[in-house]
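Have a look at the structure below before the remarks.
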Amino acid sequence: MVRTMARAVATFVICAVAASACFDVRMRDPGPLVIDDFDDGDMVPALAGFGGWECYAFNAQGPRVDCAVTPGTDNSPYAVFVDFGIDDPPDGKQEHGGAGLASYGWPPMDISHKDFVFSAMLASGTPALPSDARLYVELACQTAVAEDGTSPGDFYVSASADYKNYWQQFRIDVASFGQPPWVVKKIEGGPARCRQLVDGIRFTVDAHLADGQSGQAVLTVDGISLQ
């Protein structure tokens, strides 16, 4: 009787192992994580937890800023733009004013091992931006702690993009995003820690206007994803 039961158990184990061999278990690439492709025609990112895109200006006198959706790149029905005009205050120094687009979310997400992909173009208006204007992608990490133990709430890492006045696609290794040298306080754990706590995405134009100079431009962005 014992031998019979033992044979039955052995037969069951062999059958179970054989049955499991019939399953083809493979890891699948989930594909890109779409932050926003704007195809729904609104200003709310496709990435859950992130709020609507906002436009803003900084370090400028009497800025004029507007943003909305517009036809996108290639066959994309929509993209988002910020149309801005800014003046550098005539105060004897360059203020590095500009404008941008931003979306903030919760909870923070770790994007350490990703490529940040997007399409963009920056077209000057009248008066035109200087040729040395800069386009930056900024990843905010507002919950990051400084090396001195404080929580300033405005930490971020950034990377520059060599823009044109026509559509280009950019692919930037997130590991290359670093803390800007003009941010005095340093992040505890360095830029790598910020990339683990991303809670905001910004596309920022430093107009690079000379003291007292004015400039106008339109920044258009589409197809934002992590791959």
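For the structure tokens, the naming scheme is as follows: chains receive sequential letters (A, B, ...) according to their order of presentation, residues are indexed from 1 within each chain, and ligands are indexed from 1 in presentation order.
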DSSP-assigned strand (DSSP E or B) among region 114-143 of chain A, expressed as a ChimeraX atom specification: /A:115-124,134-140
For region 131-147 of chain A: contacts at 8 Å, only C-alpha atoms, fewer than 2 positions along chain excluded, given as number ranges by chain: A: 108, 129, 149-163, 185-189, 193-195, 197-209
Which region 17-131 of chain A residues have any atom within 8 Å of an atom of region 168-176 of chain A, and for each, what is the nearest pair of atoms with distance in Å to one decimal, counting only C-alpha atoms, rows sorted by chain and number, as a tab-separated table?
```
residue	atom	partner	partner_atom	distance
A:Ile111	CA	A:Val174	CA	7.3
A:Ser112	CA	A:Val174	CA	6.3
A:His113	CA	A:Val174	CA	6.8
A:Lys114	CA	A:Val174	CA	5.8
A:Asp115	CA	A:Asp173	CA	4.5
A:Phe116	CA	A:Ile172	CA	5.1
A:Val117	CA	A:Arg171	CA	4.5
A:Phe118	CA	A:Phe170	CA	5.4
A:Ser119	CA	A:Gln169	CA	4.1
A:Ala120	CA	A:Gln168	CA	5.7
A:Met121	CA	A:Gln168	CA	6.5
```
Just the selected residues (C-alpha atoms), exported as a PDB file, in the first residue's frame, please.
```
ATOM      1  CA  ILE A 111      13.633  57.067 -13.652  1.00  0.00           C
ATOM      2  CA  SER A 112      17.320  56.328 -13.096  1.00  0.00           C
ATOM      3  CA  HIS A 113      17.711  53.752 -15.843  1.00  0.00           C
ATOM      4  CA  LYS A 114      15.778  55.369 -18.673  1.00  0.00           C
ATOM      5  CA  ASP A 115      16.212  57.512 -21.769  1.00  0.00           C
ATOM      6  CA  PHE A 116      14.195  60.717 -21.845  1.00  0.00           C
ATOM      7  CA  VAL A 117      12.737  61.055 -25.360  1.00  0.00           C
ATOM      8  CA  PHE A 118      10.881  64.023 -26.865  1.00  0.00           C
ATOM      9  CA  SER A 119      10.521  66.118 -30.011  1.00  0.00           C
ATOM     10  CA  ALA A 120      10.881  69.894 -29.958  1.00  0.00           C
ATOM     11  CA  MET A 121      11.515  73.016 -31.963  1.00  0.00           C
TER      12      MET A 121
END
```
Separation of CA of Leu33 (chain A) from CA of Phe177 (chain A) in Å: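 Separation between CA of Phe177 (chain A) and CA of Leu33 (chain A): 18.4 Å.
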Gap from CA of Asp148 (chain A) to CA of Pro107 (chain A) - Å, one decimal: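 Interatomic distance, CA of Asp148 (chain A) to CA of Pro107 (chain A): 24.0 Å.
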Alpha helix (DSSP H) positions in region 49-214 of chain A, given as a list of chain:residue names: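 Selection result, alpha helix (DSSP H) within region 49-214 of chain A: A:Gly190, A:Pro191, A:Ala192, A:Arg193, A:Cys194, A:Arg195.
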With C-alpha atoms kept, could you save the residues just selected as a compact mmCIF listing (two decimals), in the first residue's frame?
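Ended up saving to selection.txt:
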```txt
# COMPACT_ATOMS: atom_id res chain seq x y z
CA GLY A 190 23.98 63.81 -5.59
CA PRO A 191 22.14 63.92 -8.93
CA ALA A 192 21.51 60.16 -8.75
CA ARG A 193 19.27 60.71 -5.73
CA CYS A 194 17.29 63.39 -7.55
CA ARG A 195 16.73 61.03 -10.48
```
Surrounding residues of Gly62 (chain A) excluding itself and chain neighbours under 4 positions, 12 Å, only C-alpha atoms, as a PyMOL selection string: chain A and resi 57-58+84-89+97-98+214-215
Quick one: write out the picked residues with C-alpha atoms as an mmCIF file, in the first residue's frame?
```cif
data_model
loop_
_atom_site.group_PDB
_atom_site.id
_atom_site.type_symbol
_atom_site.label_atom_id
_atom_site.label_comp_id
_atom_site.auth_asym_id
_atom_site.auth_seq_id
_atom_site.Cartn_x
_atom_site.Cartn_y
_atom_site.Cartn_z
ATOM 1 C CA ALA A 57 8.343 83.022 -17.240
ATOM 2 C CA PHE A 58 11.245 83.784 -14.935
ATOM 3 C CA PHE A 84 6.622 84.083 -24.939
ATOM 4 C CA GLY A 85 8.072 87.559 -25.100
ATOM 5 C CA ILE A 86 10.424 88.799 -22.390
ATOM 6 C CA ASP A 87 12.583 91.814 -21.561
ATOM 7 C CA ASP A 88 15.800 91.733 -19.578
ATOM 8 C CA PRO A 89 15.553 94.550 -17.026
ATOM 9 C CA GLY A 97 15.387 85.314 -18.027
ATOM 10 C CA GLY A 98 13.231 82.986 -20.065
ATOM 11 C CA SER A 214 14.030 91.944 -25.592
ATOM 12 C CA GLY A 215 13.178 88.680 -27.321
#
```
Separation of CA of Ala79 (chain A) from CA of Pro45 (chain A) in Å: 11.4 Å
Among the residues A:Gly51, A:Pro90, A:Asn165, A:Asp83, the one that comes closest to Gln216 (chain A) [using only C-alpha atoms]: A:Asp83
